[in-house]
Amino acid sequence: MEIWIAGGAALVVLFLIINMFSLSLKLLWNGICGVVLLWLFNMLGGIFGVTIPIHFATALVAGFFGIPGVIFILLVQLMGH
């Protein structure tokens with residue numbers, strides 16, 4: 001009986017580790033996509049004099065929310081000035 005409890009606990013721990021690793025890879029991928037999206041926006045927006053600084057928070061917002069995230073960052077930046 002004890003082996004079943006230990007085996008079940010090991011499976012639960014393994015499941016949690018895999019999910020945490022998967023989440024970190026998803027955040028990394030979203031961050032990379034956000035940086036690319038912000039870079040493209042800055043290339044086009046630089047023509048009109050509108051750019052967004054690229055750092056950890058803006059990359060994750062842009063990566064997680066996509067184009068609406070970039071618009072949100074732009075609106076927050078314009079409201080601050």
# chains A, B, ... in the order shown; residues from 1 in each chain; ligands from 1
call {"tool": "residues_around", "arguments": {"residues": "His55 of chain A", "least_positions_apart": "6", "cutoff": "10 Å", "atoms": "only C-alpha atoms", "output": "PDB file with N, CA, C and O atoms, in the first residue's frame"}}
result
ATOM      1  N   GLY A  31       7.684  36.147 -24.609  1.00  0.00           N
ATOM      2  CA  GLY A  31       8.616  37.274 -24.523  1.00  0.00           C
ATOM      3  C   GLY A  31       9.355  37.499 -25.821  1.00  0.00           C
ATOM      4  O   GLY A  31       9.520  38.637 -26.265  1.00  0.00           O
ATOM      5  N   GLY A  34       6.993  38.956 -28.263  1.00  0.00           N
ATOM      6  CA  GLY A  34       6.745  40.352 -27.903  1.00  0.00           C
ATOM      7  C   GLY A  34       7.865  41.265 -28.343  1.00  0.00           C
ATOM      8  O   GLY A  34       7.631  42.370 -28.842  1.00  0.00           O
ATOM      9  N   VAL A  35       9.105  40.822 -28.172  1.00  0.00           N
ATOM     10  CA  VAL A  35      10.251  41.634 -28.605  1.00  0.00           C
ATOM     11  C   VAL A  35      10.220  41.834 -30.118  1.00  0.00           C
ATOM     12  O   VAL A  35      10.436  42.940 -30.612  1.00  0.00           O
ATOM     13  N   LEU A  38       7.388  44.278 -30.911  1.00  0.00           N
ATOM     14  CA  LEU A  38       7.772  45.646 -30.562  1.00  0.00           C
ATOM     15  C   LEU A  38       8.839  46.184 -31.511  1.00  0.00           C
ATOM     16  O   LEU A  38       8.816  47.363 -31.869  1.00  0.00           O
TER      17      LEU A  38
END
call {"tool": "residues_around", "arguments": {"residues": "segment 65-73 of chain A", "least_positions_apart": "2", "cutoff": "9 Å", "atoms": "only C-alpha atoms", "output": "number ranges by chain"}}
result
A: 33-34, 37-38, 41, 52, 58, 60-63, 75-78
call {"tool": "atom_distance", "arguments": {"atom1": "atom CA of Phe48 of chain A", "atom2": "atom CA of Leu74 of chain A"}}
result
13.4 Å
call {"tool": "atom_distance", "arguments": {"atom1": "atom CA of Asn30 of chain A", "atom2": "atom CA of Met43 of chain A"}}
result
19.8 Å
